[in-house]
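Structure data follow from protein20.txt (compact mmCIF, C-alpha atoms):
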# COMPACT_ATOMS: atom_id res chain seq x y z
CA MET A 1 -7.81 8.18 -14.41
CA THR A 2 -7.84 4.70 -12.89
CA SER A 3 -4.93 3.16 -11.03
CA THR A 4 -2.05 2.53 -13.43
CA THR A 5 0.50 -0.26 -13.54
CA ILE A 6 3.91 0.35 -15.10
CA THR A 7 7.22 -1.44 -15.13
CA PRO A 8 9.63 0.33 -12.73
CA THR A 9 12.71 1.90 -14.28
CA THR A 10 15.66 3.57 -12.63
CA THR A 11 16.42 7.26 -12.81
CA ALA A 12 18.47 8.41 -15.79
CA SER A 13 21.33 10.43 -14.31
CA THR A 14 21.53 12.95 -17.13
CA THR A 15 17.94 14.23 -17.02
CA ILE A 16 17.24 17.57 -15.36
CA SER A 17 14.16 18.13 -13.18
CA GLU A 18 14.33 21.35 -11.20
CA ILE A 19 12.16 23.71 -9.17
CA LEU A 20 12.87 27.44 -9.37
CA TRP A 21 11.21 29.33 -6.54
CA PRO A 22 9.73 32.78 -7.23
CA ARG A 23 11.37 36.04 -6.31
CA PRO A 24 9.80 37.94 -3.38
CA ALA A 25 8.00 40.39 -5.68
CA SER A 26 6.03 37.58 -7.33
CA ALA A 27 5.46 35.41 -4.26
CA GLY A 28 1.72 34.97 -3.78
CA CYS A 29 1.27 34.99 -7.56
CA VAL A 30 3.82 32.53 -8.98
CA PHE A 31 4.00 29.29 -7.00
CA CYS A 32 7.10 27.95 -8.72
CA THR A 33 8.71 27.30 -12.10
CA ILE A 34 9.53 23.74 -13.14
CA VAL A 35 12.30 22.85 -15.59
CA ARG A 36 12.36 19.44 -17.31
CA ASP A 37 15.18 18.65 -19.74
CA THR A 38 15.87 15.17 -21.13
CA ARG A 39 18.06 16.24 -24.04
CA GLY A 40 21.05 13.95 -24.38
CA SER A 41 19.40 11.19 -22.29
CA ALA A 42 18.65 7.76 -23.72
CA LEU A 43 15.30 7.00 -22.10
CA ASP A 44 13.22 3.95 -22.94
CA LEU A 45 9.47 4.08 -23.58
CA ALA A 46 8.49 3.61 -19.93
CA GLN A 47 10.97 6.26 -18.73
CA ARG A 48 9.42 8.84 -21.05
CA PHE A 49 6.12 8.89 -19.15
CA ASN A 50 5.49 11.82 -16.81
CA PHE A 51 3.17 11.27 -13.83
CA PHE A 52 1.65 14.21 -11.95
CA PRO A 53 -0.89 14.34 -9.10
CA ALA A 54 -4.09 16.35 -9.14
CA SER A 55 -3.45 20.00 -8.32
CA PRO A 56 -5.38 23.25 -7.79
CA LEU A 57 -2.63 25.29 -9.48
CA CYS A 58 -2.98 26.74 -12.97
CA CYS A 59 -0.02 26.61 -15.31
CA VAL A 60 1.53 28.02 -18.45
CA THR A 61 3.65 25.36 -20.16
CA PHE A 62 6.34 26.12 -22.74
CA VAL A 63 7.49 23.13 -24.82
CA LEU A 64 10.83 24.41 -26.09
CA ALA A 65 11.98 21.12 -27.65
CA GLY A 66 10.37 17.77 -28.33
CA GLU A 67 6.74 16.80 -27.82
CA PHE A 68 4.33 15.85 -25.04
CA HIS A 69 1.31 13.62 -25.62
CA VAL A 70 -1.49 13.61 -23.04
CA VAL A 71 -2.49 10.11 -21.95
CA ASP A 72 -6.17 10.73 -21.28
CA GLN A 73 -7.49 7.16 -21.50
CA PRO A 74 -6.23 4.08 -19.59
CA GLU A 75 -5.90 2.06 -22.79
CA ALA A 76 -3.59 4.75 -24.21
CA MET A 77 -0.86 3.63 -21.78
CA GLU A 78 -0.06 0.90 -24.30
CA ARG A 79 0.10 3.34 -27.24
CA PRO A 80 0.86 6.73 -25.65
CA TRP A 81 1.87 8.35 -28.94
CA THR A 82 -1.81 8.28 -29.96
CA GLY A 83 -2.79 10.78 -27.25
CA PRO A 84 -3.44 14.43 -28.09
CA LYS A 85 -0.31 16.52 -28.49
CA LEU A 86 0.30 19.29 -25.97
CA PRO A 87 0.40 22.76 -27.59
CA ARG A 88 3.84 24.38 -27.74
CA MET A 89 2.53 27.05 -25.40
CA ALA A 90 -0.36 25.81 -23.28
CA PHE A 91 -2.56 27.01 -20.44
CA SER A 92 -4.07 24.55 -17.98
CA GLY A 93 -6.47 25.08 -15.13
CA ALA A 94 -6.81 23.07 -11.94
CA GLN A 95 -6.63 19.31 -12.43
CA LEU A 96 -8.89 17.26 -10.15
CA SER A 97 -7.54 13.97 -11.54
CA PRO A 98 -3.94 12.82 -12.01
CA LEU A 99 -2.27 13.87 -15.24
CA ILE A 100 -0.12 11.60 -17.40
CA THR A 101 1.93 12.70 -20.39
CA TRP A 102 4.47 10.93 -22.58
CA ASN A 103 7.40 12.06 -24.69
CA PRO A 104 8.24 10.31 -27.99
CA GLY A 105 11.84 11.51 -27.68
CA GLU A 106 14.03 14.12 -26.01
CA THR A 107 12.23 17.12 -24.57
CA TYR A 108 12.85 20.46 -22.91
CA ALA A 109 9.97 22.24 -21.18
CA ILE A 110 9.32 25.03 -18.70
CA VAL A 111 6.16 25.14 -16.58
CA ILE A 112 5.24 28.26 -14.64
CA THR A 113 2.68 27.44 -11.95
CA PHE A 114 0.44 30.11 -10.45
CA TYR A 115 -1.85 30.41 -7.48
CA PRO A 116 -5.14 30.39 -9.41
CA ASP A 117 -6.82 33.19 -7.45
CA ALA A 118 -3.78 35.39 -8.11
CA PHE A 119 -3.78 34.49 -11.79
CA SER A 120 -7.49 35.29 -11.98
CA ALA A 121 -6.91 38.67 -10.32
CA MET A 122 -4.00 39.44 -12.63
CA THR A 123 -5.80 38.44 -15.84
CA GLY A 124 -9.50 38.98 -15.07
CA LEU A 125 -10.21 35.37 -16.10
CA ASP A 126 -12.97 33.23 -14.64
CA LEU A 127 -11.00 29.99 -14.25
CA SER A 128 -13.97 27.62 -13.91
CA PRO A 129 -14.15 26.86 -17.68
CA PHE A 130 -10.53 25.68 -17.63
CA THR A 131 -10.73 23.08 -14.87
CA GLY A 132 -9.43 19.75 -16.13
CA ARG A 133 -8.45 21.26 -19.48
CA ILE A 134 -5.24 22.05 -21.34
CA VAL A 135 -5.70 24.57 -24.15
CA PRO A 136 -3.45 26.61 -26.45
CA ALA A 137 -2.35 29.72 -24.55
CA GLU A 138 -3.66 31.87 -27.40
CA GLU A 139 -7.20 30.64 -26.68
CA ALA A 140 -7.13 31.52 -22.99
CA LEU A 141 -4.69 34.26 -22.04
CA PRO A 142 -5.43 37.97 -22.36
CA GLN A 143 -2.98 39.99 -24.41
CA ALA A 144 -1.33 41.52 -21.33
CA ILE A 145 -0.07 38.07 -20.31
CA LEU A 146 0.07 36.38 -23.69
CA GLU A 147 2.51 38.89 -25.17
CA PRO A 148 5.26 38.45 -22.53
CA CYS A 149 4.74 34.67 -22.67
CA ARG A 150 5.24 34.70 -26.44
CA ASP A 151 8.36 36.84 -26.06
CA PHE A 152 9.75 34.39 -23.50
CA PHE A 153 8.98 31.38 -25.71
CA ASP A 154 10.76 32.92 -28.69
CA ALA A 155 13.77 34.12 -26.68
CA ALA A 156 14.22 30.97 -24.60
CA ARG A 157 14.66 28.72 -27.64
CA TYR A 158 17.59 30.75 -28.92
CA GLU A 159 19.07 32.52 -25.89
CA GLY A 160 18.43 30.00 -23.11
CA ILE A 161 16.09 30.47 -20.18
CA LYS A 162 18.26 32.33 -17.66
CA ARG A 163 17.98 35.82 -19.12
CA SER A 164 14.63 35.34 -20.85
CA LEU A 165 12.97 33.94 -17.72
CA ALA A 166 14.22 36.90 -15.67
CA ILE A 167 12.64 39.28 -18.22
CA LEU A 168 9.34 37.37 -18.07
CA GLU A 169 9.43 37.47 -14.26
CA ASN A 170 9.96 41.23 -14.39
CA ARG A 171 6.88 41.67 -16.56
CA ILE A 172 4.76 39.35 -14.38
CA GLU A 173 5.86 41.22 -11.27
CA THR A 174 4.92 44.56 -12.81
CA ARG A 175 1.48 43.24 -13.74
CA TRP A 176 1.02 41.63 -10.32
CA ALA A 177 1.97 44.84 -8.50
CA ASP A 178 -0.78 46.68 -10.38
CA MET A 179 -3.49 44.04 -9.92
CA ARG A 180 -2.65 42.37 -6.60
CA PRO A 181 -5.53 42.25 -4.07
CA ALA A 182 -4.52 43.78 -0.77
CA GLU A 183 -5.22 40.54 1.13
CA ALA A 184 -3.33 38.21 -1.23
CA LYS A 185 -0.47 36.25 0.29
CA SER A 186 1.65 33.19 -0.43
CA ALA A 187 1.05 29.94 1.43
CA LYS A 188 2.99 26.69 1.56
CA TRP A 189 0.07 24.34 2.06
CA ILE A 190 -3.12 23.97 0.01
CA GLU A 191 -5.31 24.00 3.12
CA GLU A 192 -3.74 27.20 4.40
CA TRP A 193 -4.19 28.82 0.99
CA ARG A 194 -7.80 27.55 0.70
CA LYS A 195 -8.76 29.20 3.98
CA SER A 196 -7.29 32.52 2.86
CA VAL A 197 -9.17 32.36 -0.46
CA VAL A 198 -12.49 31.62 1.25
CA GLN A 199 -11.92 34.41 3.77
CA ARG A 200 -11.18 36.89 1.00
CA ALA A 201 -14.22 35.73 -0.97
CA ALA A 202 -16.37 36.38 2.10
CA GLN A 203 -15.02 39.94 2.37
CA THR A 204 -15.20 40.86 -1.33
CA GLY A 205 -18.15 42.22 -3.27
CA SER A 206 -21.59 43.23 -2.16
CA GLY A 207 -23.09 39.74 -1.75
CA ARG A 208 -22.06 37.79 1.35
CA SER A 209 -24.34 34.74 1.14
CA SER A 210 -22.74 31.28 1.17
CA ARG A 211 -23.78 30.78 -2.47
CA GLN A 212 -22.17 34.04 -3.58
CA ILE A 213 -18.98 33.20 -1.68
CA ALA A 214 -18.91 29.76 -3.32
CA ARG A 215 -19.31 31.34 -6.76
CA ARG A 216 -16.35 33.65 -6.14
CA VAL A 217 -14.16 30.78 -4.93
CA LYS A 218 -14.96 28.73 -8.03
CA ALA A 219 -14.45 31.66 -10.41
CA TRP A 220 -11.10 32.50 -8.81
CA THR A 221 -9.79 28.92 -8.57
CA GLY A 222 -11.88 26.86 -10.99
CA VAL A 223 -12.65 24.46 -8.12
CA ASN A 224 -15.31 24.31 -5.43
CA GLU A 225 -14.34 24.46 -1.78
CA ARG A 226 -15.04 20.78 -1.14
CA ASP A 227 -12.60 19.74 -3.88
CA LEU A 228 -10.00 22.17 -2.54
CA GLN A 229 -10.36 20.56 0.89
CA GLY A 230 -9.88 17.12 -0.67
CA LEU A 231 -6.73 18.22 -2.49
CA GLY A 232 -5.38 19.71 0.72
CA HIS A 233 -6.09 16.48 2.57
CA THR A 234 -4.22 14.43 -0.03
CA GLU A 235 -1.29 16.86 0.06
CA GLN A 236 -0.97 16.39 3.83
CA LEU A 237 -1.17 12.62 3.41
CA TYR A 238 1.61 12.59 0.84
CA ALA A 239 3.72 14.94 2.98
CA LYS A 240 3.38 12.55 5.93
CA LEU A 241 4.20 9.60 3.65
CA HIS A 242 7.30 11.44 2.43
CA ALA A 243 8.38 12.12 6.03
CA ALA A 244 7.84 8.47 6.98
CA LEU A 245 9.91 7.30 4.03
CA GLU A 246 12.67 9.72 5.03
CA GLU A 247 12.70 8.03 8.45
CA GLY A 248 12.95 4.63 6.80
CA ASP A 249 9.67 2.93 7.73
CA VAL A 250 5.94 3.32 7.10
CA ASP A 251 3.20 2.27 9.50
CA TRP A 252 0.24 2.32 7.11
CA ALA A 253 -2.44 2.15 9.80
CA GLY A 254 -0.69 4.86 11.80
CA LEU A 255 -0.29 7.00 8.66
CA ALA A 256 -4.02 6.72 7.91
CA ALA A 257 -4.95 7.72 11.47
CA ALA A 258 -2.44 10.59 11.61
CA SER A 259 -3.77 11.92 8.28
CA GLY A 260 -7.39 11.96 9.47
CA PHE A 261 -8.73 8.96 7.53
CA ALA A 262 -11.27 6.53 8.96
CA ASP A 263 -9.12 3.55 7.96
CA GLN A 264 -6.48 2.39 5.49
CA ALA A 265 -9.04 1.68 2.78
CA HIS A 266 -10.26 5.29 2.93
CA MET A 267 -6.66 6.53 2.73
CA ILE A 268 -5.92 4.33 -0.30
CA ARG A 269 -9.05 5.51 -2.15
CA GLN A 270 -8.15 9.16 -1.58
CA MET A 271 -4.56 8.72 -2.72
CA ARG A 272 -5.61 6.77 -5.79
CA ARG A 273 -8.21 9.40 -6.68
CA HIS A 274 -5.64 12.20 -6.82
CA THR A 275 -2.53 10.31 -8.01
CA GLY A 276 -3.75 7.20 -9.82
CA PHE A 277 -1.66 5.06 -7.47
CA THR A 278 -1.90 3.48 -4.05
CA PRO A 279 0.46 4.71 -1.29
CA GLU A 280 2.46 1.48 -1.64
CA GLN A 281 2.84 1.94 -5.40
CA LEU A 282 4.10 5.48 -4.82
CA ARG A 283 6.51 4.25 -2.15
CA GLN A 284 7.99 1.78 -4.60
CA SER A 285 8.16 4.09 -7.61
CA ALA A 286 8.72 7.66 -6.45
CA ALA A 287 12.25 7.17 -5.14
CA SER A 288 13.96 6.18 -8.39
CA ASP A 289 11.55 5.59 -11.28
CA GLU A 290 12.34 8.20 -13.93
CA ALA A 291 8.66 8.67 -14.82
CA PHE A 292 7.95 9.83 -11.25
CA TRP A 293 10.34 12.80 -11.34
CA GLY A 294 7.41 15.11 -10.52
CA TYR A 295 6.89 13.32 -7.21
CA ARG A 296 10.56 13.71 -6.34
CA LEU A 297 10.16 17.45 -6.87
CA LEU A 298 7.22 17.29 -4.44
CA GLY A 299 9.67 15.89 -1.92
CA GLN A 300 11.80 19.04 -2.32
CA TYR A 301 8.67 21.12 -1.74
CA PHE A 302 7.81 19.23 1.45
CA ASP A 303 11.35 19.66 2.75
CA MET A 304 11.31 23.40 2.06
CA PRO A 305 11.34 25.57 5.22
CA GLU A 306 8.25 27.55 6.09
CA GLY A 307 8.32 31.17 4.91
CA ARG A 308 10.61 30.55 1.93

Spell out the structure here as structure tokens.
Amino acid sequence: MTSTTITPTTTASTTISEILWPRPASAGCVFCTIVRDTRGSALDLAQRFNFFPASPLCCVTFVLAGEFHVVDQPEAMERPWTGPKLPRMAFSGAQLSPLITWNPGETYAIVITFYPDAFSAMTGLDLSPFTGRIVPAEEALPQAILEPCRDFFDAARYEGIKRSLAILENRIETRWADMRPAEAKSAKWIEEWRKSVVQRAAQTGSGRSSRQIARRVKAWTGVNERDLQGLGHTEQLYAKLHAALEEGDVDWAGLAAASGFADQAHMIRQMRRHTGFTPEQLRQSAASDEAFWGYRLLGQYFDMPEGR
């Protein structure tokens, strides 16, 4: 997706955007659960966009109310309702490009994000065919995971998410306890997690060549190691940008150098590749533009203490 220009809009106070962190028993498998609820909020067309950065995580999305349209072409920004509609229950693999969706009206959705290597271990799926794709959950998930997801979807619409999500977490934790690799662990940062995945790939199976290790990494995550390194680099850049904004000033040249980029132009290209925006555009929009609620949740993640 190329760099996108939108008209800034202020945050609607009645929308809900929330991160729910996993319980200890599912840490290392579930990264987090995201709740987005705009019911009762009068949002204009621009406020109903949803901007997300590229990510190595895989997700199961439950659209409990309303609709999401995927904006997969730059020209669709002018007519976002023409984009493909997100399935009510969808599975998505790693996204190497930024993701944009749009809601034609009020919406209520839950997204459970997983460490992809853990999800692969728990389901037996090779995740490489799902990179960059969003498919109906029924087309991707094995019955052992699909059934509890269906039960949650049905229960959440009528009983609310508090009790139904706890039941789904119980079932995921039971499955994870049975299938969890001995070396699996949670990690806050993409780079830290990448290193642990590569190390485990080097110690698993009979083949130990670099090609065999690379195949395992891609099957477990859907992404090659070079792309994982790039995503980790961008994550650290955005974390440093967030910290600089918290302090009230940004030295762009200093930020580029501190983040390991050759110069500002290199930094801008990398940020645009994974977010669709320049660092300056994100600085202007992420603080209060309703469509950038996902980036404000990232700020919560960056502020989270180590070893949560």

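Here atom CA of A:Ile100 is placed at a distance of 5.3 Å from atom CA of A:Val71.
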
Residues of stretch 94-162 of chain A that have any atom at most 10 Å from an atom of stretch 49-66 of chain A: could you tabulate them with the shortest-distance atom pair and the distance in Å to one decimal, using all atoms listed in the file, ordered by chain and increasing number, as a Markdown table?
| residue | atom | partner | partner_atom | distance |
| --- | --- | --- | --- | --- |
| A:Ala94 | CA | A:Pro56 | CA | 4.4 |
| A:Gln95 | CA | A:Ala54 | CA | 5.1 |
| A:Leu96 | CA | A:Ala54 | CA | 5.0 |
| A:Ser97 | CA | A:Ala54 | CA | 4.8 |
| A:Pro98 | CA | A:Pro53 | CA | 4.5 |
| A:Leu99 | CA | A:Phe52 | CA | 5.1 |
| A:Ile100 | CA | A:Phe51 | CA | 4.9 |
| A:Thr101 | CA | A:Asn50 | CA | 5.1 |
| A:Trp102 | CA | A:Phe49 | CA | 4.3 |
| A:Asn103 | CA | A:Phe49 | CA | 6.5 |
| A:Pro104 | CA | A:Gly66 | CA | 7.8 |
| A:Gly105 | CA | A:Gly66 | CA | 6.5 |
| A:Glu106 | CA | A:Gly66 | CA | 5.7 |
| A:Thr107 | CA | A:Gly66 | CA | 4.2 |
| A:Tyr108 | CA | A:Ala65 | CA | 4.9 |
| A:Ala109 | CA | A:Val63 | CA | 4.5 |
| A:Ile110 | CA | A:Phe62 | CA | 5.1 |
| A:Val111 | CA | A:Thr61 | CA | 4.4 |
| A:Ile112 | CA | A:Val60 | CA | 5.3 |
| A:Thr113 | CA | A:Cys59 | CA | 4.4 |
| A:Phe114 | CA | A:Cys58 | CA | 5.4 |
| A:Tyr115 | CA | A:Leu57 | CA | 5.6 |
| A:Pro116 | CA | A:Cys58 | CA | 5.5 |
| A:Asp117 | CA | A:Leu57 | CA | 9.2 |
| A:Ala118 | CA | A:Cys58 | CA | 10.0 |
| A:Phe119 | CA | A:Cys58 | CA | 7.9 |
| A:Ser120 | CA | A:Cys58 | CA | 9.7 |
| A:Leu127 | CA | A:Cys58 | CA | 8.7 |
| A:Phe130 | CA | A:Cys58 | CA | 8.9 |
| A:Thr131 | CA | A:Cys58 | CA | 8.8 |
| A:Gly132 | CA | A:Ala54 | CA | 9.4 |
| A:Ile134 | CA | A:Cys59 | CA | 9.2 |
| A:Val135 | CA | A:Val60 | CA | 9.8 |
| A:Pro136 | CA | A:Val60 | CA | 9.5 |
| A:Ala137 | CA | A:Val60 | CA | 7.4 |
| A:Leu141 | CA | A:Val60 | CA | 9.5 |
| A:Leu146 | CA | A:Val60 | CA | 10.0 |
| A:Cys149 | CA | A:Val60 | CA | 8.5 |
| A:Arg150 | CA | A:Phe62 | CA | 9.4 |
| A:Phe152 | CA | A:Phe62 | CA | 9.0 |
| A:Phe153 | CA | A:Phe62 | CA | 6.6 |
| A:Asp154 | CA | A:Leu64 | CA | 8.9 |
| A:Ala156 | CA | A:Leu64 | CA | 7.5 |
| A:Arg157 | CA | A:Leu64 | CA | 6.0 |
| A:Tyr158 | CA | A:Leu64 | CA | 9.7 |
| A:Gly160 | CA | A:Leu64 | CA | 9.9 |
| A:Ile161 | CA | A:Leu64 | CA | 10.0 |

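Take the candidates A:Arg79, A:Lys195, A:Arg296, A:His242 and check each one against A:Glu280 using only C-alpha atoms; the shortest distance goes to A:His242.
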
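Of the residues listed (A:Ile268, A:Thr33, A:Leu43, A:Glu139), A:Glu139 shows the shortest atom-to-atom separation from A:Pro87; distances use all atoms listed in the file.
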
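Nearest to A:Arg39 of all the residues A:Thr14, A:Asn224, A:Ala27, A:Leu86 is A:Thr14, counting all atoms listed in the file.
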
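Our summary of the geometry notes that atom CA of A:Ala239 is positioned 6.1 Å from atom CA of A:Phe302.
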
Could you please determine the separation between atom CA of A:Tyr295 and atom CA of A:Asp72 in Å, to one decimal place? 19.4 Å

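In this comparison, which uses all atoms listed in the file, the residue of A:Thr278, A:Ser285, A:Ser17, A:Ser196 approaching A:Arg36 most closely is A:Ser17.
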
Which residue is closest to A:Gln47? Choose from A:Ser210, A:Ser288, A:Ser26, A:Gln300 and count only C-alpha atoms. A:Ser288

Need the axis-aligned box for stretch 61-69 of chain A with 3 Å each side, so what are the centre and edges in Å to one decimal, as lines of an AutoDock Vina configuration file?
center_x = 6.6
center_y = 19.9
center_z = -24.2
size_x = 16.7
size_y = 18.5
size_z = 14.2

A:Leu125, A:Leu168, A:Ala177, A:Ala258: which is nearest A:Pro24, counting all atoms listed in the file? A:Ala177

Could you list, as a VMD selection string, every residue within 12 Å of A:Ser206, counting all atoms listed in the file and ignoring same-chain residues fewer than 6 positions away? chain A and resid 212 to 213 216

Can you find the residues with an atom no farther than 10 Å from (5.0, 37.2, -13.6), counting only C-alpha atoms, and report them as a CSV table (one decimal) with C-alpha atoms, keeping the file's coordinate frame?
chain,number,residue,atom,x,y,z
A,22,PRO,CA,9.7,32.8,-7.2
A,23,ARG,CA,11.4,36.0,-6.3
A,25,ALA,CA,8.0,40.4,-5.7
A,26,SER,CA,6.0,37.6,-7.3
A,27,ALA,CA,5.5,35.4,-4.3
A,29,CYS,CA,1.3,35.0,-7.6
A,30,VAL,CA,3.8,32.5,-9.0
A,112,ILE,CA,5.2,28.3,-14.6
A,114,PHE,CA,0.4,30.1,-10.4
A,119,PHE,CA,-3.8,34.5,-11.8
A,122,MET,CA,-4.0,39.4,-12.6
A,145,ILE,CA,-0.1,38.1,-20.3
A,148,PRO,CA,5.3,38.4,-22.5
A,149,CYS,CA,4.7,34.7,-22.7
A,165,LEU,CA,13.0,33.9,-17.7
A,166,ALA,CA,14.2,36.9,-15.7
A,167,ILE,CA,12.6,39.3,-18.2
A,168,LEU,CA,9.3,37.4,-18.1
A,169,GLU,CA,9.4,37.5,-14.3
A,170,ASN,CA,10.0,41.2,-14.4
A,171,ARG,CA,6.9,41.7,-16.6
A,172,ILE,CA,4.8,39.4,-14.4
A,173,GLU,CA,5.9,41.2,-11.3
A,174,THR,CA,4.9,44.6,-12.8
A,175,ARG,CA,1.5,43.2,-13.7
A,176,TRP,CA,1.0,41.6,-10.3
A,177,ALA,CA,2.0,44.8,-8.5
